[in-house]
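A.B. asks: As input, take entry.pdb (PDB, C-alpha atoms, pLDDT in the B column):
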ATOM      1  CA  MET A1354      -1.802  75.617 -86.635  1.00 44.00           C
ATOM      2  CA  PHE A1355       0.218  78.464 -85.187  1.00 55.00           C
ATOM      3  CA  THR A1356       3.350  78.083 -87.316  1.00 67.00           C
ATOM      4  CA  ASN A1357       4.788  81.427 -88.402  1.00 94.00           C
ATOM      5  CA  MET A1358       2.537  83.366 -86.057  1.00 97.00           C
ATOM      6  CA  ALA A1359       3.290  85.624 -83.102  1.00 97.00           C
ATOM      7  CA  LYS A1360       1.482  84.948 -79.848  1.00 97.00           C
ATOM      8  CA  ILE A1361      -0.021  88.006 -78.179  1.00 97.00           C
ATOM      9  CA  ASP A1362      -0.906  87.383 -74.550  1.00 97.00           C
ATOM     10  CA  ALA A1363      -3.939  89.086 -73.024  1.00 98.00           C
ATOM     11  CA  VAL A1364      -3.021  92.740 -72.684  1.00 98.00           C
ATOM     12  CA  ALA A1365      -4.353  96.210 -71.946  1.00 98.00           C
ATOM     13  CA  TYR A1366      -2.968  99.026 -74.079  1.00 98.00           C
ATOM     14  CA  SER A1367      -3.632 102.619 -75.125  1.00 98.00           C
ATOM     15  CA  MET A1368      -5.350 102.568 -78.528  1.00 98.00           C
ATOM     16  CA  GLY A1369      -5.680 105.551 -80.846  1.00 98.00           C
ATOM     17  CA  SER A1370      -4.057 108.973 -80.948  1.00 98.00           C
ATOM     18  CA  GLU A1371      -4.957 112.631 -80.607  1.00 97.00           C
ATOM     19  CA  LYS A1372      -3.467 113.539 -83.986  1.00 96.00           C
ATOM     20  CA  TYR A1373      -6.585 113.042 -86.102  1.00 97.00           C
ATOM     21  CA  ARG A1374     -10.287 113.011 -85.293  1.00 97.00           C
ATOM     22  CA  ASN A1375     -10.801 109.497 -86.654  1.00 98.00           C
ATOM     23  CA  GLU A1376      -8.171 108.141 -84.212  1.00 98.00           C
ATOM     24  CA  ARG A1377      -9.956 109.507 -81.135  1.00 98.00           C
ATOM     25  CA  PRO A1378     -10.703 109.094 -78.352  1.00 98.00           C
ATOM     26  CA  VAL A1379      -7.548 107.533 -76.994  1.00 98.00           C
ATOM     27  CA  ARG A1380      -8.598 104.888 -74.491  1.00 97.00           C
ATOM     28  CA  ILE A1381      -7.425 101.723 -72.790  1.00 98.00           C
ATOM     29  CA  VAL A1382      -8.392  98.598 -74.690  1.00 98.00           C
ATOM     30  CA  ASN A1383      -8.270  95.098 -73.208  1.00 98.00           C
ATOM     31  CA  LEU A1384      -7.458  92.325 -75.656  1.00 98.00           C
ATOM     32  CA  SER A1385      -7.820  88.587 -75.134  1.00 98.00           C
ATOM     33  CA  SER A1386      -4.938  86.354 -76.232  1.00 98.00           C
ATOM     34  CA  TYR A1387      -4.507  85.755 -79.950  1.00 98.00           C
ATOM     35  CA  TYR A1388      -2.009  84.662 -82.575  1.00 98.00           C
ATOM     36  CA  ILE A1389      -1.263  86.846 -85.597  1.00 98.00           C
ATOM     37  CA  ASP A1390       0.653  86.089 -88.789  1.00 98.00           C
ATOM     38  CA  LEU A1391       4.303  87.106 -88.686  1.00 98.00           C
ATOM     39  CA  ALA A1392       4.008  88.413 -92.251  1.00 98.00           C
ATOM     40  CA  PRO A1393       1.278  89.434 -94.648  1.00 98.00           C
ATOM     41  CA  VAL A1394      -0.125  86.528 -96.635  1.00 98.00           C
ATOM     42  CA  THR A1395       2.208  85.972 -99.576  1.00 98.00           C
ATOM     43  CA  ASN A1396       1.357  84.791-103.053  1.00 98.00           C
ATOM     44  CA  LEU A1397       2.972  81.477-102.155  1.00 98.00           C
ATOM     45  CA  ARG A1398       0.594  80.998 -99.217  1.00 98.00           C
ATOM     46  CA  TYR A1399      -2.420  82.165-101.158  1.00 98.00           C
ATOM     47  CA  LYS A1400      -1.571  79.733-103.985  1.00 98.00           C
ATOM     48  CA  ARG A1401      -2.703  76.864-101.740  1.00 98.00           C
ATOM     49  CA  PHE A1402      -6.173  78.401-101.632  1.00 98.00           C
ATOM     50  CA  VAL A1403      -6.257  78.782-105.424  1.00 98.00           C
ATOM     51  CA  ASP A1404      -4.836  75.305-106.054  1.00 98.00           C
ATOM     52  CA  CYS A1405      -7.319  73.737-103.613  1.00 98.00           C
ATOM     53  CA  HIS A1406     -10.166  75.333-105.577  1.00 98.00           C
ATOM     54  CA  GLY A1407     -11.035  77.724-102.790  1.00 98.00           C
ATOM     55  CA  TYR A1408     -12.887  79.943-105.228  1.00 98.00           C
ATOM     56  CA  GLU A1409     -15.195  77.030-106.006  1.00 98.00           C
ATOM     57  CA  LYS A1410     -15.898  75.862-102.439  1.00 98.00           C
ATOM     58  CA  ARG A1411     -18.958  77.512-100.951  1.00 98.00           C
ATOM     59  CA  GLU A1412     -18.016  76.718 -97.346  1.00 98.00           C
ATOM     60  CA  TYR A1413     -15.318  79.404 -97.214  1.00 98.00           C
ATOM     61  CA  TRP A1414     -17.552  82.239 -98.346  1.00 98.00           C
ATOM     62  CA  THR A1415     -20.242  84.374 -96.786  1.00 98.00           C
ATOM     63  CA  ASP A1416     -23.428  84.738 -98.813  1.00 98.00           C
ATOM     64  CA  ALA A1417     -22.407  88.189-100.018  1.00 98.00           C
ATOM     65  CA  GLY A1418     -18.895  87.054-100.830  1.00 98.00           C
ATOM     66  CA  TRP A1419     -20.100  84.056-102.805  1.00 98.00           C
ATOM     67  CA  ASN A1420     -22.507  86.211-104.791  1.00 98.00           C
ATOM     68  CA  PHE A1421     -19.733  88.715-105.457  1.00 98.00           C
ATOM     69  CA  ILE A1422     -17.242  86.252-106.941  1.00 98.00           C
ATOM     70  CA  LEU A1423     -19.936  84.498-108.967  1.00 98.00           C
ATOM     71  CA  SER A1424     -21.275  87.754-110.387  1.00 98.00           C
ATOM     72  CA  LYS A1425     -17.766  88.870-111.381  1.00 97.00           C
ATOM     73  CA  ASN A1426     -16.567  85.416-112.479  1.00 98.00           C
ATOM     74  CA  ILE A1427     -13.567  85.669-110.117  1.00 98.00           C
ATOM     75  CA  ALA A1428     -11.220  82.687-109.827  1.00 98.00           C
ATOM     76  CA  PHE A1429      -7.993  84.262-108.525  1.00 98.00           C
ATOM     77  CA  PRO A1430      -6.662  87.645-107.300  1.00 98.00           C
ATOM     78  CA  LEU A1431      -6.678  90.510-109.771  1.00 98.00           C
ATOM     79  CA  TYR A1432      -2.867  90.729-110.057  1.00 98.00           C
ATOM     80  CA  TRP A1433      -2.284  86.981-109.992  1.00 98.00           C
ATOM     81  CA  HIS A1434      -0.592  86.944-113.401  1.00 98.00           C
ATOM     82  CA  ASP A1435       1.117  90.339-113.208  1.00 97.00           C
ATOM     83  CA  PRO A1436       4.922  89.975-112.828  1.00 96.00           C
ATOM     84  CA  SER A1437       5.103  93.220-110.847  1.00 96.00           C
ATOM     85  CA  TRP A1438       2.952  91.698-108.106  1.00 97.00           C
ATOM     86  CA  ASN A1439       2.995  87.888-108.278  1.00 98.00           C
ATOM     87  CA  HIS A1440       6.427  86.853-106.972  1.00 97.00           C
ATOM     88  CA  PRO A1441       5.955  84.054-104.408  1.00 98.00           C
ATOM     89  CA  TYR A1442       7.221  86.187-101.505  1.00 97.00           C
ATOM     90  CA  GLN A1443       5.433  89.391-102.389  1.00 98.00           C
ATOM     91  CA  PRO A1444       2.226  89.950-100.417  1.00 98.00           C
ATOM     92  CA  VAL A1445      -0.872  88.819-102.263  1.00 98.00           C
ATOM     93  CA  THR A1446      -2.879  91.798-103.440  1.00 98.00           C
ATOM     94  CA  GLY A1447      -5.844  92.543-105.660  1.00 98.00           C
ATOM     95  CA  VAL A1448      -8.104  90.690-103.225  1.00 98.00           C
ATOM     96  CA  SER A1449     -11.447  91.992-102.032  1.00 98.00           C
ATOM     97  CA  TRP A1450     -12.392  91.887 -98.357  1.00 99.00           C
ATOM     98  CA  TRP A1451     -14.503  88.818 -99.159  1.00 98.00           C
ATOM     99  CA  GLU A1452     -11.547  87.010-100.728  1.00 99.00           C
ATOM    100  CA  ALA A1453      -9.391  87.913 -97.735  1.00 99.00           C
ATOM    101  CA  LEU A1454     -11.959  86.504 -95.324  1.00 98.00           C
ATOM    102  CA  ALA A1455     -12.442  83.349 -97.422  1.00 98.00           C
ATOM    103  CA  PHE A1456      -8.691  82.694 -97.419  1.00 98.00           C
ATOM    104  CA  ALA A1457      -8.550  83.226 -93.664  1.00 98.00           C
ATOM    105  CA  ARG A1458     -11.355  80.690 -93.178  1.00 98.00           C
ATOM    106  CA  PHE A1459      -9.572  78.232 -95.489  1.00 98.00           C
ATOM    107  CA  ASP A1460      -6.508  78.662 -93.266  1.00 97.00           C
ATOM    108  CA  GLY A1461      -8.554  78.048 -90.106  1.00 97.00           C
ATOM    109  CA  LYS A1462      -8.282  81.684 -89.037  1.00 98.00           C
ATOM    110  CA  THR A1463     -10.001  85.035 -89.437  1.00 98.00           C
ATOM    111  CA  LEU A1464      -9.105  88.659 -90.127  1.00 98.00           C
ATOM    112  CA  PRO A1465      -7.756  90.865 -87.336  1.00 98.00           C
ATOM    113  CA  THR A1466      -9.838  93.478 -85.627  1.00 98.00           C
ATOM    114  CA  GLU A1467      -8.462  96.995 -85.762  1.00 98.00           C
ATOM    115  CA  ALA A1468      -7.544  96.713 -82.099  1.00 98.00           C
ATOM    116  CA  GLN A1469      -5.606  93.480 -82.656  1.00 98.00           C
ATOM    117  CA  TRP A1470      -3.812  94.939 -85.668  1.00 99.00           C
ATOM    118  CA  GLU A1471      -2.868  98.155 -83.882  1.00 98.00           C
ATOM    119  CA  TYR A1472      -1.414  96.373 -80.869  1.00 98.00           C
ATOM    120  CA  MET A1473       0.606  94.089 -83.143  1.00 98.00           C
ATOM    121  CA  ALA A1474       1.941  97.140 -84.980  1.00 98.00           C
ATOM    122  CA  GLY A1475       2.887  99.446 -82.146  1.00 98.00           C
ATOM    123  CA  GLY A1476       1.993  97.995 -78.772  1.00 97.00           C
ATOM    124  CA  GLY A1477       0.189 101.198 -77.867  1.00 96.00           C
ATOM    125  CA  VAL A1478       3.574 102.920 -77.543  1.00 97.00           C
ATOM    126  CA  ASN A1479       5.346 103.266 -80.895  1.00 97.00           C
ATOM    127  CA  ILE A1480       4.368 105.838 -83.507  1.00 98.00           C
ATOM    128  CA  TYR A1481       5.784 103.554 -86.199  1.00 98.00           C
ATOM    129  CA  PRO A1482       6.528  99.821 -85.977  1.00 97.00           C
ATOM    130  CA  TRP A1483      10.215 100.545 -85.390  1.00 97.00           C
ATOM    131  CA  GLY A1484       9.644 103.264 -82.780  1.00 97.00           C
ATOM    132  CA  ASP A1485       9.300 107.029 -83.087  1.00 96.00           C
ATOM    133  CA  ALA A1486      12.036 107.828 -85.633  1.00 96.00           C
ATOM    134  CA  GLU A1487      10.761 109.546 -88.766  1.00 95.00           C
ATOM    135  CA  PRO A1488      10.567 107.145 -91.721  1.00 96.00           C
ATOM    136  CA  ASN A1489      12.785 107.229 -94.768  1.00 95.00           C
ATOM    137  CA  PRO A1490      12.766 105.050 -97.922  1.00 92.00           C
ATOM    138  CA  SER A1491      15.226 102.587 -96.375  1.00 95.00           C
ATOM    139  CA  MET A1492      12.647 101.649 -93.719  1.00 96.00           C
ATOM    140  CA  ALA A1493       9.514 100.810 -95.711  1.00 96.00           C
ATOM    141  CA  ASN A1494       7.904 100.767 -99.138  1.00 95.00           C
ATOM    142  CA  TYR A1495       5.863 103.983 -99.311  1.00 95.00           C
ATOM    143  CA  ALA A1496       5.479 107.034-101.549  1.00 93.00           C
ATOM    144  CA  GLU A1497       6.614 110.413-100.298  1.00 85.00           C
ATOM    145  CA  GLY A1498       3.807 112.871-101.006  1.00 73.00           C
ATOM    146  CA  CYS A1499       1.755 109.912-102.311  1.00 65.00           C
ATOM    147  CA  GLU A1500       3.788 110.158-105.529  1.00 71.00           C
ATOM    148  CA  PRO A1501       5.567 106.888-106.342  1.00 69.00           C
ATOM    149  CA  ARG A1502       9.078 107.234-107.723  1.00 68.00           C
ATOM    150  CA  GLU A1503       8.332 104.932-110.632  1.00 64.00           C
ATOM    151  CA  LEU A1504       5.240 105.135-112.806  1.00 61.00           C
ATOM    152  CA  LYS A1505       4.951 101.342-112.866  1.00 74.00           C
ATOM    153  CA  ARG A1506       4.911 100.400-109.197  1.00 86.00           C
ATOM    154  CA  ARG A1507       5.499  96.992-107.694  1.00 94.00           C
ATOM    155  CA  SER A1508       5.402  95.580-104.187  1.00 96.00           C
ATOM    156  CA  THR A1509       8.469  94.370-102.332  1.00 96.00           C
ATOM    157  CA  GLU A1510       9.003  90.970-100.744  1.00 97.00           C
ATOM    158  CA  VAL A1511       7.650  90.768 -97.205  1.00 97.00           C
ATOM    159  CA  ASP A1512      11.104  90.407 -95.608  1.00 96.00           C
ATOM    160  CA  ARG A1513      12.708  93.274 -97.537  1.00 96.00           C
ATOM    161  CA  TYR A1514      12.593  95.954 -94.806  1.00 96.00           C
ATOM    162  CA  ILE A1515      14.019  94.822 -91.480  1.00 94.00           C
ATOM    163  CA  GLN A1516      13.037  98.101 -89.798  1.00 93.00           C
ATOM    164  CA  SER A1517       9.396  97.555 -90.693  1.00 95.00           C
ATOM    165  CA  ARG A1518       9.161  94.830 -88.047  1.00 96.00           C
ATOM    166  CA  SER A1519       6.997  95.415 -84.989  1.00 97.00           C
ATOM    167  CA  HIS A1520       7.684  94.897 -81.294  1.00 97.00           C
ATOM    168  CA  CYS A1521       6.298  91.336 -81.457  1.00 96.00           C
ATOM    169  CA  GLY A1522       8.430  90.369 -84.461  1.00 96.00           C
ATOM    170  CA  CYS A1523       5.862  90.813 -87.240  1.00 98.00           C
ATOM    171  CA  TRP A1524       7.265  91.754 -90.650  1.00 97.00           C
ATOM    172  CA  ASP A1525       6.217  94.295 -93.271  1.00 98.00           C
ATOM    173  CA  VAL A1526       3.875  96.174 -90.949  1.00 98.00           C
ATOM    174  CA  ALA A1527       4.281  99.637 -92.516  1.00 98.00           C
ATOM    175  CA  GLY A1528       3.781 100.311 -96.223  1.00 97.00           C
ATOM    176  CA  ASN A1529       3.945  97.874 -99.148  1.00 97.00           C
ATOM    177  CA  VAL A1530       0.260  96.848 -98.976  1.00 98.00           C
ATOM    178  CA  SER A1531      -2.447  97.762 -96.504  1.00 98.00           C
ATOM    179  CA  GLU A1532      -4.189  94.934 -94.674  1.00 98.00           C
ATOM    180  CA  TRP A1533      -7.913  94.255 -94.446  1.00 99.00           C
ATOM    181  CA  CYS A1534      -9.455  94.274 -90.969  1.00 98.00           C
ATOM    182  CA  LEU A1535     -12.643  92.630 -89.761  1.00 98.00           C
ATOM    183  CA  ASP A1536     -14.176  95.946 -88.686  1.00 98.00           C
ATOM    184  CA  ASN A1537     -16.495  98.068 -90.738  1.00 98.00           C
ATOM    185  CA  SER A1538     -15.468 101.695 -91.113  1.00 98.00           C
ATOM    186  CA  SER A1539     -16.212 104.125 -88.315  1.00 98.00           C
ATOM    187  CA  LYS A1540     -15.533 107.852 -88.156  1.00 98.00           C
ATOM    188  CA  ASN A1541     -13.981 107.572 -84.670  1.00 98.00           C
ATOM    189  CA  TYR A1542     -14.027 105.305 -81.601  1.00 98.00           C
ATOM    190  CA  ASP A1543     -17.022 106.833 -79.832  1.00 98.00           C
ATOM    191  CA  TRP A1544     -18.933 103.579 -80.357  1.00 98.00           C
ATOM    192  CA  ASP A1545     -16.563 101.608 -78.086  1.00 97.00           C
ATOM    193  CA  ASN A1546     -18.165 101.667 -74.651  1.00 94.00           C
ATOM    194  CA  SER A1547     -16.535  98.602 -73.092  1.00 95.00           C
ATOM    195  CA  GLY A1548     -12.915  98.720 -74.244  1.00 96.00           C
ATOM    196  CA  ARG A1549     -12.846  94.914 -74.296  1.00 98.00           C
ATOM    197  CA  ASP A1550     -11.978  93.155 -77.572  1.00 98.00           C
ATOM    198  CA  PRO A1551     -13.650  95.955 -79.529  1.00 98.00           C
ATOM    199  CA  VAL A1552     -14.854  95.354 -83.075  1.00 98.00           C
ATOM    200  CA  TYR A1553     -17.191  97.565 -85.083  1.00 98.00           C
ATOM    201  CA  LEU A1554     -19.619  95.594 -87.256  1.00 98.00           C
ATOM    202  CA  THR A1555     -22.482  97.090 -89.240  1.00 98.00           C
ATOM    203  CA  ALA A1556     -23.161  95.289 -92.523  1.00 97.00           C
ATOM    204  CA  GLU A1557     -20.894  93.162 -94.685  1.00 96.00           C
ATOM    205  CA  GLY A1558     -21.443  95.315 -97.735  1.00 97.00           C
ATOM    206  CA  ASP A1559     -20.381  98.478 -95.895  1.00 98.00           C
ATOM    207  CA  ALA A1560     -16.811  99.726 -96.160  1.00 98.00           C
ATOM    208  CA  HIS A1561     -14.162  97.921 -94.088  1.00 98.00           C
ATOM    209  CA  MET A1562     -11.074  99.269 -92.375  1.00 98.00           C
ATOM    210  CA  VAL A1563      -7.537  98.735 -93.641  1.00 98.00           C
ATOM    211  CA  ARG A1564      -4.308  99.376 -91.773  1.00 98.00           C
ATOM    212  CA  GLY A1565      -0.618  99.912 -92.497  1.00 98.00           C
ATOM    213  CA  GLY A1566      -0.432 102.164 -95.537  1.00 96.00           C
ATOM    214  CA  SER A1567       0.923 101.004 -98.900  1.00 96.00           C
ATOM    215  CA  GLY A1568       3.439 101.762-101.603  1.00 93.00           C
ATOM    216  CA  LEU A1569       1.070 104.453-102.872  1.00 90.00           C
ATOM    217  CA  HIS A1570       0.570 106.163 -99.487  1.00 93.00           C
ATOM    218  CA  ASP A1571       2.808 108.686 -97.738  1.00 94.00           C
ATOM    219  CA  ASP A1572       4.492 108.433 -94.364  1.00 94.00           C
ATOM    220  CA  GLU A1573       1.388 109.525 -92.426  1.00 96.00           C
ATOM    221  CA  TYR A1574      -0.200 106.166 -93.241  1.00 97.00           C
ATOM    222  CA  LEU A1575       2.809 104.309 -91.820  1.00 98.00           C
ATOM    223  CA  ARG A1576       1.847 105.352 -88.295  1.00 98.00           C
ATOM    224  CA  THR A1577       0.546 102.458 -86.206  1.00 98.00           C
ATOM    225  CA  THR A1578      -2.668 104.346 -85.350  1.00 98.00           C
ATOM    226  CA  SER A1579      -3.455 105.449 -88.921  1.00 98.00           C
ATOM    227  CA  ARG A1580      -6.796 104.287 -90.324  1.00 98.00           C
ATOM    228  CA  ASP A1581      -8.280 104.033 -93.813  1.00 98.00           C
ATOM    229  CA  TYR A1582     -11.234 102.210 -95.353  1.00 98.00           C
ATOM    230  CA  TYR A1583     -12.485 100.824 -98.644  1.00 98.00           C
ATOM    231  CA  SER A1584     -15.489  99.080-100.115  1.00 98.00           C
ATOM    232  CA  PRO A1585     -15.307  95.299 -99.544  1.00 98.00           C
ATOM    233  CA  SER A1586     -15.363  94.897-103.327  1.00 98.00           C
ATOM    234  CA  LEU A1587     -12.057  96.759-103.821  1.00 98.00           C
ATOM    235  CA  ARG A1588      -9.504  94.618-105.662  1.00 98.00           C
ATOM    236  CA  ASP A1589      -6.603  97.028-106.017  1.00 97.00           C
ATOM    237  CA  ASN A1590      -2.851  96.614-105.604  1.00 96.00           C
ATOM    238  CA  ILE A1591      -2.811  98.618-102.379  1.00 96.00           C
ATOM    239  CA  VAL A1592      -4.478  96.039-100.108  1.00 98.00           C
ATOM    240  CA  GLY A1593      -3.585  92.557 -98.874  1.00 98.00           C
ATOM    241  CA  LEU A1594      -4.164  90.684 -95.621  1.00 98.00           C
ATOM    242  CA  ARG A1595      -2.770  89.147 -92.450  1.00 98.00           C
ATOM    243  CA  CYS A1596      -4.672  86.517 -90.427  1.00 98.00           C
ATOM    244  CA  VAL A1597      -5.324  85.904 -86.733  1.00 98.00           C
ATOM    245  CA  SER A1598      -6.309  82.959 -84.562  1.00 98.00           C
ATOM    246  CA  ASN A1599      -8.295  83.881 -81.470  1.00 97.00           C
ATOM    247  CA  LEU A1600      -7.666  81.844 -78.332  1.00 91.00           C
ATOM    248  CA  THR A1601     -11.048  82.474 -76.673  1.00 80.00           C
TER     249      THR A1601
END
Can the structure in the file be given as structure tokens, please?

C.D. replies:
Amino acid sequence: MFTNMAKIDAVAYSMGSEKYRNERPVRIVNLSSYYIDLAPVTNLRYKRFVDCHGYEKREYWTDAGWNFILSKNIAFPLYWHDPSWNHPYQPVTGVSWWEALAFARFDGKTLPTEAQWEYMAGGGVNIYPWGDAEPNPSMANYAEGCEPRELKRRSTEVDRYIQSRSHCGCWDVAGNVSEWCLDNSSKNYDWDNSGRDPVYLTAEGDAHMVRGGSGLHDDEYLRTTSRDYYSPSLRDNIVGLRCVSNLT
């Protein structure tokens, strides 16, 4: 079950930053043990879900998710047949939050909370997955000034950038595609009163957080504390997923 996952032991770490209002307040967060995928879910992994008729099996979907794919007649990710995005070892993209959650359930897992994702990325210490050194194009797939070098973008394979590995050995943490989180969007962390396994949940149809930046984002989004959010219905080539298994 835990093949190709990193084990994170129970830990307390400093989550957030003072740089932007939506990353405040900085506080100590206590996480229970969990496993997290070493790499974003690739097209090769996601193909099992498609081939096993995951889009036709109600048990993997929430009510809202099931209604969404039925209403849109969705049977595979949006870029599934696009050669710029569908190489087996590129991260799957063009998946809504509901598709990401359904795949995670199919795989016996779930999506990470923001707190789990952030610890995986930086351990509460590093500004970027590789440390504090300023990024350059040899470190990650991102767009300086949010202007991609090529008009027709594509993602890179998940093991392309060695420096985009985190302290716990996870690959492709910064750039390439953002990753859906379980949490709904929040303007800051004022809601977190306990600091223990925090997760912000409002309603499924509300916007959800993503982490990690993408090939269309600049270097600010590569920071381990950077936050963004999208509607759960978004199926764009800037978002993919990584799964977790909780041990409690």

A.B. asks: Which one of A:Ala1556, A:Leu1384, A:Ala1392, A:Leu1587 sits closest to Arg1518 (chain A) if you count only C-alpha atoms?

C.D. replies: A:Ala1392

A.B. asks: Could you give me, as a ChimeraX atom specification, the residues within 7 Å of His1520 (chain A), counting all atoms listed in the file and dropping anything in the same chain fewer than 3 positions from it?

C.D. replies: /A:1475-1476,1482

A.B. asks: Can you tell me which residues surround Trp1433 (chain A) at a distance of at most 10 Å, considering all atoms listed in the file, apart from same-chain residues fewer than 4 positions away, and format the answer as a list in words?

C.D. replies: Asn1396, Lys1400, Ala1428, Phe1429, Ser1437, Trp1438, Asn1439, His1440, Val1445, Thr1446, Gly1447 and Val1448 of chain A

A.B. asks: In terms of the shortest atom-to-atom distance over all atoms listed in the file, which of A:Tyr1495, A:Trp1414, A:Tyr1582, A:Trp1451 is closest to Arg1564 (chain A)?

C.D. replies: A:Tyr1582

A.B. asks: I'd like to see the residues matched by the PyMOL selection byres ((chain A and resi 1516) around 12) on this file, and ideally I'd get them as a VMD selection string.

C.D. replies: chain A and resid 1481 to 1494 1511 to 1515 1517 to 1520 1522 to 1528

A.B. asks: Could you check the closest approach to Pro1551 (chain A) for each of A:Asn1479, A:Asn1420, A:Asn1537, A:Thr1577 and tell me which residue wins, using only C-alpha atoms?

C.D. replies: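 Answer, going by the shortest atom-to-atom distance: A:Asn1537.
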
A.B. asks: Once the PyMOL selection byres ((chain A and resi 1459) around 9) has been applied to the shown file, what residues remain in the selection, as number ranges by chain?

C.D. replies: A: 1402, 1407, 1412-1413, 1454-1458, 1460-1462

A.B. asks: Using only C-alpha atoms, which of A:Met1358, A:Asp1536, A:Leu1600, A:Ile1480 sits nearest Lys1372 (chain A)?

C.D. replies: A:Ile1480

A.B. asks: What residues come out when you apply the PyMOL selection byres ((chain A and resi 1360-1363) around 8) to this file, written as a PyMOL selection string?

C.D. replies: chain A and resi 1358-1359+1364-1365+1383-1389+1473+1521

A.B. asks: Choose the residue, out of A:Ile1422, A:Leu1594, A:Val1382, A:Val1394, that has the smallest atom-to-atom separation from Ala1468 (chain A); count all atoms listed in the file.

C.D. replies: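 For Ala1468 (chain A), the nearest of the candidates is A:Val1382.
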
A.B. asks: Could you jot down the CA of Pro1441 (chain A) to CA of Thr1509 (chain A) separation for me, Å, one decimal place?

C.D. replies: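 So the answer is 10.8 Å.
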
A.B. asks: Find, counting only C-alpha atoms, the residue in A:Tyr1542, A:Tyr1583, A:Phe1421, A:Tyr1373 that gets nearest to Glu1452 (chain A).

C.D. replies: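 The closest residue to Glu1452 (chain A) is A:Phe1421.
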
A.B. asks: Do a neighbour search on Glu1500 (chain A) at 9 Å with only C-alpha atoms, toss out local chain neighbours closer than 6 positions, and write the hits as a list of chain:residue names.

C.D. replies: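 Non-adjacent residues within range: A:Leu1569, A:His1570, A:Asp1571.
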
A.B. asks: Using all atoms of region 1407-1425 of chain A listed in the file and a margin of 6 Å per side, can you give the axis-aligned box centre and edge lengths in Å to one decimal, as JSON?

C.D. replies:
{"center_x": -17.2, "center_y": 82.4, "center_z": -104.1, "size_x": 24.4, "size_y": 25.0, "size_z": 26.6}
